[in-house]
>>> print(open('upload-v3.cif').read())   # mmCIF, C-alpha atoms
data_model
#
loop_
_atom_site.label_atom_id
_atom_site.label_comp_id
_atom_site.auth_asym_id
_atom_site.auth_seq_id
_atom_site.Cartn_x
_atom_site.Cartn_y
_atom_site.Cartn_z
CA MET A 1386 95.86 20.98 104.29
CA GLY A 1387 96.13 24.54 103.11
CA TRP A 1388 96.88 25.72 99.60
CA GLN A 1389 98.70 28.77 98.29
CA LYS A 1390 96.10 29.30 95.58
CA TYR A 1391 92.33 29.40 95.41
CA SER A 1392 90.93 26.13 94.14
CA SER A 1393 87.47 25.36 92.85
CA GLY A 1394 87.55 21.75 94.03
CA ASN A 1395 87.78 20.44 90.47
CA LYS A 1396 91.19 21.77 89.45
CA TYR A 1397 94.29 20.29 91.07
CA ASP A 1398 97.32 22.19 89.77
CA LEU A 1399 98.68 23.61 93.01
CA LYS A 1400 102.44 23.81 93.42
CA LEU A 1401 102.68 24.55 97.16
CA GLY A 1402 100.72 23.37 100.18
CA HIS A 1403 101.04 23.27 103.96
CA ALA A 1404 99.59 20.95 106.57
CA PHE A 1405 99.27 21.21 110.35
CA MET A 1406 98.59 18.57 112.98
CA VAL A 1407 96.54 20.12 115.77
CA GLY A 1408 96.08 18.46 119.17
CA ALA A 1409 92.54 17.69 120.32
CA ARG A 1410 92.92 18.61 123.98
CA ARG A 1411 94.96 21.79 123.96
CA ARG A 1412 94.32 22.73 120.33
CA ASN A 1413 97.93 23.67 119.71
CA ILE A 1414 100.02 22.84 116.65
CA LEU A 1415 101.91 19.59 117.18
CA ALA A 1416 103.62 19.37 113.79
CA CYS A 1417 103.61 21.11 110.43
CA LEU A 1418 104.81 20.30 106.95
CA VAL A 1419 105.26 22.41 103.82
CA CYS A 1420 105.26 20.68 100.43
CA SER A 1421 106.52 22.26 97.26
CA LYS A 1422 106.51 20.84 93.75
CA VAL A 1423 108.89 23.47 92.35
CA CYS A 1424 112.09 25.31 93.25
CA ALA A 1425 112.61 28.75 91.68
CA THR A 1426 116.40 28.35 91.58
CA CYS A 1427 116.22 24.96 89.87
CA GLU A 1428 113.51 26.10 87.45
CA GLY A 1429 115.48 29.26 86.50
CA ALA A 1430 118.61 27.24 85.80
CA LYS A 1431 116.58 24.72 83.79
CA GLN A 1432 115.18 27.49 81.56
CA LEU A 1433 118.74 28.72 80.91
CA ASN A 1434 119.96 25.14 80.26
CA LYS A 1435 122.46 25.44 83.13
CA GLU A 1436 123.19 23.50 86.29
CA PRO A 1437 121.64 25.20 89.33
CA ALA A 1438 124.02 26.88 91.76
CA ALA A 1439 124.55 25.25 95.14
CA HIS A 1440 121.45 26.01 97.20
CA LYS A 1441 118.99 24.52 99.63
CA CYS A 1442 116.36 23.14 97.26
CA VAL A 1443 112.80 23.61 98.54
CA LYS A 1444 111.28 21.00 96.24
CA SER A 1445 109.94 18.36 98.62
CA TYR A 1446 107.17 16.57 96.73
CA GLU A 1447 106.84 14.79 93.41
CA GLY A 1448 103.45 13.61 92.29
CA SER A 1449 100.01 14.97 91.61
CA SER A 1450 98.68 17.96 93.50
CA LYS A 1451 95.63 15.93 94.48
CA GLY A 1452 97.86 13.37 96.20
CA MET A 1453 99.74 16.01 98.19
CA GLU A 1454 97.12 16.08 100.97
CA ALA A 1455 97.30 12.33 101.54
CA TYR A 1456 101.11 12.40 101.40
CA THR A 1457 101.35 15.14 104.05
CA ALA A 1458 98.92 13.29 106.33
CA LEU A 1459 101.08 10.16 106.15
CA GLU A 1460 104.27 12.15 106.77
CA LEU A 1461 102.74 13.90 109.81
CA VAL A 1462 101.52 10.62 111.35
CA GLU A 1463 104.96 9.04 110.84
CA HIS A 1464 106.67 12.17 112.26
CA ALA A 1465 104.46 12.05 115.35
CA LYS A 1466 105.57 8.49 116.18
CA CYS A 1467 109.23 8.65 115.15
CA HIS A 1468 110.23 12.15 116.26
CA ARG A 1469 107.68 13.29 118.84
CA GLY A 1470 106.91 9.96 120.54
CA PHE A 1471 103.13 9.92 120.32
CA ILE A 1472 100.63 7.97 118.25
CA VAL A 1473 97.79 9.62 116.32
CA GLY A 1474 94.60 7.91 117.49
CA CYS A 1475 92.00 9.80 115.47
CA ILE A 1476 92.00 12.02 112.41
CA VAL A 1477 89.28 14.59 111.80
CA ALA A 1478 89.23 15.41 108.10
CA ASN A 1479 87.07 15.56 105.02
CA ASN A 1480 86.02 12.24 103.54
CA ASP A 1481 89.14 11.85 101.38
CA SER A 1482 89.40 8.25 100.22
CA SER A 1483 93.01 8.63 99.02
CA MET A 1484 94.08 9.80 102.49
CA LYS A 1485 92.28 6.88 104.14
CA ALA A 1486 93.83 4.41 101.70
CA LEU A 1487 97.35 5.72 102.27
CA LEU A 1488 97.00 5.73 106.08
CA ARG A 1489 96.43 1.96 106.19
CA HIS A 1490 98.91 -0.82 106.61
CA SER A 1491 100.09 -2.47 103.42
CA TYR A 1492 98.19 -5.73 102.86
CA THR A 1493 101.33 -7.24 101.34
CA GLU A 1494 103.31 -6.54 104.53
CA LEU A 1495 100.48 -7.82 106.73
CA VAL A 1496 100.28 -11.10 104.80
CA ALA A 1497 104.09 -11.49 104.88
CA ASN A 1498 104.35 -10.81 108.65
CA SER A 1499 101.24 -12.68 109.82
CA PRO A 1500 100.64 -16.16 108.43
CA ASN A 1501 96.98 -16.16 109.53
CA TYR A 1502 96.13 -12.82 107.93
CA LYS A 1503 93.95 -13.03 104.80
CA TRP A 1504 93.97 -10.36 102.14
CA PRO A 1505 90.64 -8.47 102.36
CA ARG A 1506 88.27 -8.93 99.47
CA ILE A 1507 85.18 -7.24 98.14
CA TYR A 1508 82.64 -9.99 97.71
CA PRO A 1509 80.11 -9.71 94.91
CA LYS A 1510 76.45 -10.60 95.37
CA LYS A 1511 76.92 -14.04 93.81
CA PRO A 1512 77.91 -16.48 96.57
CA ASP A 1513 79.89 -18.84 94.30
CA THR A 1514 82.48 -16.28 93.18
CA LEU A 1515 85.79 -15.67 94.92
CA GLY A 1516 85.64 -11.88 95.11
CA VAL A 1517 88.10 -9.17 94.18
CA LYS A 1518 91.17 -8.34 96.28
CA LEU A 1519 91.19 -4.83 97.68
CA ARG A 1520 93.80 -2.53 96.15
CA ASP A 1521 96.96 -2.30 98.26
CA ALA A 1522 97.64 1.43 98.63
CA GLY A 1523 98.58 1.41 102.33
CA LYS A 1524 101.89 3.00 103.25
CA LEU A 1525 101.59 3.19 107.06
CA PRO A 1526 104.42 1.31 108.83
CA LEU A 1527 103.28 -1.74 110.81
CA ASP A 1528 104.60 -0.33 114.11
CA ILE A 1529 102.11 2.56 113.90
CA PRO A 1530 98.46 1.64 114.55
CA GLU A 1531 95.89 2.71 111.97
CA PRO A 1532 94.06 5.85 113.11
CA SER A 1533 90.30 6.06 113.40
CA TRP A 1534 88.40 8.65 111.35
CA LEU A 1535 85.84 11.33 112.17
CA ALA A 1536 84.09 13.61 109.70
CA ASP A 1537 84.77 17.33 109.88
CA PRO A 1538 81.34 19.01 110.27
CA THR A 1539 82.72 22.39 109.22
CA HIS A 1540 84.20 21.14 105.94
CA ARG A 1541 82.30 22.81 103.13
CA THR A 1542 81.67 21.10 99.83
CA LYS A 1543 79.95 22.59 96.81
#
>>> encode(input="upload-v3.cif", output="structure tokens")
Amino acid sequence: MGWQKYSSGNKYDLKLGHAFMVGARRRNILACLVCSKVCATCEGAKQLNKEPAAHKCVKSYEGSSKGMEAYTALELVEHAKCHRGFIVGCIVANNDSSMKALLRHSYTELVANSPNYKWPRIYPKKPDTLGVKLRDAGKLPLDIPEPSWLADPTHRTK
């Protein structure tokens, strides 16, 4: 994910970002996505308390700037399967837990579609307790397999 503004790693107020999916073998760009939280035409009309003129609105994302990276990863994986006909087997990225959580299948859908599937739990150290259900943040469709993950050795953290 690339940003249109320098970020310190602690401040997430970016309004525009872009993401690329790069193939492992040929290292060419397979898909790209640009996300924008604002549209200059809509914002200008809003400041003047008017309806915006007919235009192609570039606003394509609503949510926090921090969640934009996970959202674009999910959109690119879905685009690869639905529009390009291939499945993403492995993702090389920083250790972003929100991206990993989003690129999982929904536990609710798995339980509904498979009678033998049990909702995963985090078990505490005490053996007599039931454990806590994992949070269901997965948005990956069931017809797309969950990708495996590799760490990016060149990703710099401060």
>>> resolve_selection(input="upload-v3.cif", expression="the PyMOL selection byres ((chain A and resi 1425) around 12)", output="list of chain:residue names")
A:Lys1400, A:Ser1421, A:Lys1422, A:Val1423, A:Cys1424, A:Thr1426, A:Cys1427, A:Glu1428, A:Gly1429, A:Ala1430, A:Lys1431, A:Gln1432, A:Pro1437, A:Ala1438, A:His1440, A:Lys1441, A:Cys1442, A:Val1443, A:Lys1444
>>> axis_aligned_box(input="upload-v3.cif", around="range 1405-1412 of chain A", padding_each_side="6 Å", output="JSON")
{"center_x": 95.9, "center_y": 20.2, "center_z": 117.2, "size_x": 18.7, "size_y": 17.0, "size_z": 25.6}
>>> residues_near_point(input="upload-v3.cif", point="(98.4, 20.3, 113.1)", cutoff="6 Å", atoms="all atoms listed in the file", output="list in words")
Phe1405, Met1406, Val1407, Ile1414, Leu1415, Ala1416 and Cys1417 of chain A
>>> write_last_selection(input="upload-v3.cif", atoms="C-alpha atoms", output="mmCIF file, keeping the file's coordinate frame")
data_model
loop_
_atom_site.group_PDB
_atom_site.id
_atom_site.type_symbol
_atom_site.label_atom_id
_atom_site.label_comp_id
_atom_site.auth_asym_id
_atom_site.auth_seq_id
_atom_site.Cartn_x
_atom_site.Cartn_y
_atom_site.Cartn_z
ATOM 1 C CA PHE A 1405 99.270 21.210 110.350
ATOM 2 C CA MET A 1406 98.590 18.570 112.980
ATOM 3 C CA VAL A 1407 96.540 20.120 115.770
ATOM 4 C CA ILE A 1414 100.020 22.840 116.650
ATOM 5 C CA LEU A 1415 101.910 19.590 117.180
ATOM 6 C CA ALA A 1416 103.620 19.370 113.790
ATOM 7 C CA CYS A 1417 103.610 21.110 110.430
#
>>> atom_distance(input="upload-v3.cif", atom1="CA of Ser1445 in chain A", atom2="CA of Glu1460 in chain A")
11.7 Å
>>> closest_atom_pairs(input="upload-v3.cif", of="range 1433-1482 of chain A", to="range 1488-1507 of chain A", cutoff="12 Å", atoms="all atoms listed in the file", output="tab-separated table")
residue	atom	partner	partner_atom	distance
A:Glu1454	CA	A:Leu1488	CA	11.5
A:Ala1455	CA	A:Leu1488	CA	8.0
A:Tyr1456	CA	A:Leu1488	CA	9.1
A:Thr1457	CA	A:Leu1488	CA	10.6
A:Ala1458	CA	A:Leu1488	CA	7.8
A:Leu1459	CA	A:Leu1488	CA	6.0
A:Glu1460	CA	A:Leu1488	CA	9.7
A:Leu1461	CA	A:Leu1488	CA	10.7
A:Val1462	CA	A:Leu1488	CA	8.5
A:Glu1463	CA	A:Leu1488	CA	9.8
A:Val1473	CA	A:Leu1488	CA	11.0
A:Gly1474	CA	A:Leu1488	CA	11.9
A:Cys1475	CA	A:Leu1488	CA	11.4
A:Ile1476	CA	A:Leu1488	CA	10.2
A:Asp1481	CA	A:Leu1488	CA	11.0
A:Ser1482	CA	A:Leu1488	CA	9.9
>>> atom_distance(input="upload-v3.cif", atom1="CA of Cys1420 in chain A", atom2="CA of Gly1452 in chain A")
11.2 Å
>>> closest_residue(input="upload-v3.cif", among="A:Ala1439, A:Ala1536, A:Val1419, A:Cys1467", to="Asn1479 in chain A", atoms="all atoms listed in the file")
A:Ala1536
>>> atom_distance(input="upload-v3.cif", atom1="CA of Pro1526 in chain A", atom2="CA of Tyr1446 in chain A")
19.7 Å
>>> closest_residue(input="upload-v3.cif", among="A:Leu1399, A:Ala1404, A:Leu1418, A:Ile1472", to="Ser1533 in chain A", atoms="all atoms listed in the file")
A:Ile1472
>>> closest_residue(input="upload-v3.cif", among="A:Trp1534, A:Leu1527, A:Met1453, A:Ser1483", to="Leu1401 in chain A", atoms="all atoms listed in the file")
A:Met1453
>>> closest_residue(input="upload-v3.cif", among="A:Leu1433, A:Met1484, A:Val1477, A:Ala1465", to="Lys1451 in chain A", atoms="all atoms listed in the file")
A:Met1484
>>> closest_residue(input="upload-v3.cif", among="A:Asn1434, A:Asn1480, A:Glu1447, A:Lys1485", to="Pro1538 in chain A", atoms="all atoms listed in the file")
A:Asn1480
>>> build_atoms(input="upload-v3.cif", residues="range 1441-1465 of chain A", atoms="N, CA, C and O atoms", output="PDB file, in the coordinates of the input")
ATOM      1  N   LYS A1441     119.870  25.418  98.894  1.00  0.00           N
ATOM      2  CA  LYS A1441     118.990  24.520  99.630  1.00  0.00           C
ATOM      3  C   LYS A1441     117.681  24.424  98.836  1.00  0.00           C
ATOM      4  O   LYS A1441     116.868  25.338  98.857  1.00  0.00           O
ATOM      5  N   CYS A1442     117.514  23.315  98.133  1.00  0.00           N
ATOM      6  CA  CYS A1442     116.360  23.140  97.260  1.00  0.00           C
ATOM      7  C   CYS A1442     115.094  22.951  98.102  1.00  0.00           C
ATOM      8  O   CYS A1442     115.075  22.138  99.043  1.00  0.00           O
ATOM      9  N   VAL A1443     114.038  23.684  97.772  1.00  0.00           N
ATOM     10  CA  VAL A1443     112.800  23.610  98.540  1.00  0.00           C
ATOM     11  C   VAL A1443     111.810  22.591  97.966  1.00  0.00           C
ATOM     12  O   VAL A1443     110.752  22.369  98.545  1.00  0.00           O
ATOM     13  N   LYS A1444     112.172  21.992  96.828  1.00  0.00           N
ATOM     14  CA  LYS A1444     111.280  21.000  96.240  1.00  0.00           C
ATOM     15  C   LYS A1444     111.235  19.772  97.155  1.00  0.00           C
ATOM     16  O   LYS A1444     112.259  19.149  97.413  1.00  0.00           O
ATOM     17  N   SER A1445     110.050  19.444  97.649  1.00  0.00           N
ATOM     18  CA  SER A1445     109.940  18.360  98.620  1.00  0.00           C
ATOM     19  C   SER A1445     108.871  17.330  98.250  1.00  0.00           C
ATOM     20  O   SER A1445     108.606  16.430  99.042  1.00  0.00           O
ATOM     21  N   TYR A1446     108.250  17.486  97.096  1.00  0.00           N
ATOM     22  CA  TYR A1446     107.170  16.570  96.730  1.00  0.00           C
ATOM     23  C   TYR A1446     107.156  16.375  95.226  1.00  0.00           C
ATOM     24  O   TYR A1446     107.260  17.330  94.467  1.00  0.00           O
ATOM     25  N   GLU A1447     107.042  15.119  94.821  1.00  0.00           N
ATOM     26  CA  GLU A1447     106.840  14.790  93.410  1.00  0.00           C
ATOM     27  C   GLU A1447     105.581  13.962  93.319  1.00  0.00           C
ATOM     28  O   GLU A1447     105.408  13.009  94.064  1.00  0.00           O
ATOM     29  N   GLY A1448     104.709  14.313  92.440  1.00  0.00           N
ATOM     30  CA  GLY A1448     103.450  13.610  92.290  1.00  0.00           C
ATOM     31  C   GLY A1448     102.354  14.586  91.943  1.00  0.00           C
ATOM     32  O   GLY A1448     102.602  15.779  91.714  1.00  0.00           O
ATOM     33  N   SER A1449     101.137  14.100  91.956  1.00  0.00           N
ATOM     34  CA  SER A1449     100.010  14.970  91.610  1.00  0.00           C
ATOM     35  C   SER A1449      99.673  15.888  92.773  1.00  0.00           C
ATOM     36  O   SER A1449      99.902  15.563  93.935  1.00  0.00           O
ATOM     37  N   SER A1450      99.099  17.030  92.460  1.00  0.00           N
ATOM     38  CA  SER A1450      98.680  17.960  93.500  1.00  0.00           C
ATOM     39  C   SER A1450      97.569  17.376  94.344  1.00  0.00           C
ATOM     40  O   SER A1450      97.473  17.642  95.537  1.00  0.00           O
ATOM     41  N   LYS A1451      96.722  16.561  93.741  1.00  0.00           N
ATOM     42  CA  LYS A1451      95.630  15.930  94.480  1.00  0.00           C
ATOM     43  C   LYS A1451      96.171  14.966  95.541  1.00  0.00           C
ATOM     44  O   LYS A1451      95.615  14.839  96.618  1.00  0.00           O
ATOM     45  N   GLY A1452      97.285  14.306  95.255  1.00  0.00           N
ATOM     46  CA  GLY A1452      97.860  13.370  96.200  1.00  0.00           C
ATOM     47  C   GLY A1452      98.688  14.012  97.302  1.00  0.00           C
ATOM     48  O   GLY A1452      99.102  13.346  98.253  1.00  0.00           O
ATOM     49  N   MET A1453      98.920  15.324  97.202  1.00  0.00           N
ATOM     50  CA  MET A1453      99.740  16.010  98.190  1.00  0.00           C
ATOM     51  C   MET A1453      99.111  15.971  99.581  1.00  0.00           C
ATOM     52  O   MET A1453      99.813  15.813 100.580  1.00  0.00           O
ATOM     53  N   GLU A1454      97.799  16.084  99.675  1.00  0.00           N
ATOM     54  CA  GLU A1454      97.120  16.080 100.970  1.00  0.00           C
ATOM     55  C   GLU A1454      97.296  14.738 101.673  1.00  0.00           C
ATOM     56  O   GLU A1454      97.623  14.684 102.859  1.00  0.00           O
ATOM     57  N   ALA A1455      97.132  13.653 100.958  1.00  0.00           N
ATOM     58  CA  ALA A1455      97.300  12.330 101.540  1.00  0.00           C
ATOM     59  C   ALA A1455      98.760  12.095 101.939  1.00  0.00           C
ATOM     60  O   ALA A1455      99.042  11.533 103.003  1.00  0.00           O
ATOM     61  N   TYR A1456      99.691  12.547 101.109  1.00  0.00           N
ATOM     62  CA  TYR A1456     101.110  12.400 101.400  1.00  0.00           C
ATOM     63  C   TYR A1456     101.477  13.131 102.694  1.00  0.00           C
ATOM     64  O   TYR A1456     102.192  12.594 103.541  1.00  0.00           O
ATOM     65  N   THR A1457     101.011  14.372 102.851  1.00  0.00           N
ATOM     66  CA  THR A1457     101.350  15.140 104.050  1.00  0.00           C
ATOM     67  C   THR A1457     100.734  14.514 105.295  1.00  0.00           C
ATOM     68  O   THR A1457     101.351  14.518 106.357  1.00  0.00           O
ATOM     69  N   ALA A1458      99.537  13.960 105.183  1.00  0.00           N
ATOM     70  CA  ALA A1458      98.920  13.290 106.330  1.00  0.00           C
ATOM     71  C   ALA A1458      99.767  12.110 106.775  1.00  0.00           C
ATOM     72  O   ALA A1458     100.023  11.923 107.971  1.00  0.00           O
ATOM     73  N   LEU A1459     100.223  11.302 105.829  1.00  0.00           N
ATOM     74  CA  LEU A1459     101.080  10.160 106.150  1.00  0.00           C
ATOM     75  C   LEU A1459     102.390  10.620 106.789  1.00  0.00           C
ATOM     76  O   LEU A1459     102.826  10.066 107.801  1.00  0.00           O
ATOM     77  N   GLU A1460     103.009  11.643 106.225  1.00  0.00           N
ATOM     78  CA  GLU A1460     104.270  12.150 106.770  1.00  0.00           C
ATOM     79  C   GLU A1460     104.091  12.675 108.198  1.00  0.00           C
ATOM     80  O   GLU A1460     104.946  12.454 109.053  1.00  0.00           O
ATOM     81  N   LEU A1461     102.975  13.371 108.472  1.00  0.00           N
ATOM     82  CA  LEU A1461     102.740  13.900 109.810  1.00  0.00           C
ATOM     83  C   LEU A1461     102.495  12.791 110.828  1.00  0.00           C
ATOM     84  O   LEU A1461     102.965  12.866 111.963  1.00  0.00           O
ATOM     85  N   VAL A1462     101.773  11.750 110.440  1.00  0.00           N
ATOM     86  CA  VAL A1462     101.520  10.620 111.350  1.00  0.00           C
ATOM     87  C   VAL A1462     102.827   9.885 111.643  1.00  0.00           C
ATOM     88  O   VAL A1462     103.098   9.515 112.793  1.00  0.00           O
ATOM     89  N   GLU A1463     103.663   9.682 110.622  1.00  0.00           N
ATOM     90  CA  GLU A1463     104.960   9.040 110.840  1.00  0.00           C
ATOM     91  C   GLU A1463     105.867   9.920 111.698  1.00  0.00           C
ATOM     92  O   GLU A1463     106.578   9.428 112.575  1.00  0.00           O
ATOM     93  N   HIS A1464     105.857  11.231 111.475  1.00  0.00           N
ATOM     94  CA  HIS A1464     106.670  12.170 112.260  1.00  0.00           C
ATOM     95  C   HIS A1464     106.248  12.144 113.729  1.00  0.00           C
ATOM     96  O   HIS A1464     107.099  12.201 114.615  1.00  0.00           O
ATOM     97  N   ALA A1465     104.958  12.072 113.972  1.00  0.00           N
ATOM     98  CA  ALA A1465     104.460  12.050 115.350  1.00  0.00           C
ATOM     99  C   ALA A1465     105.037  10.865 116.124  1.00  0.00           C
ATOM    100  O   ALA A1465     105.476  11.009 117.267  1.00  0.00           O
TER     101      ALA A1465
END
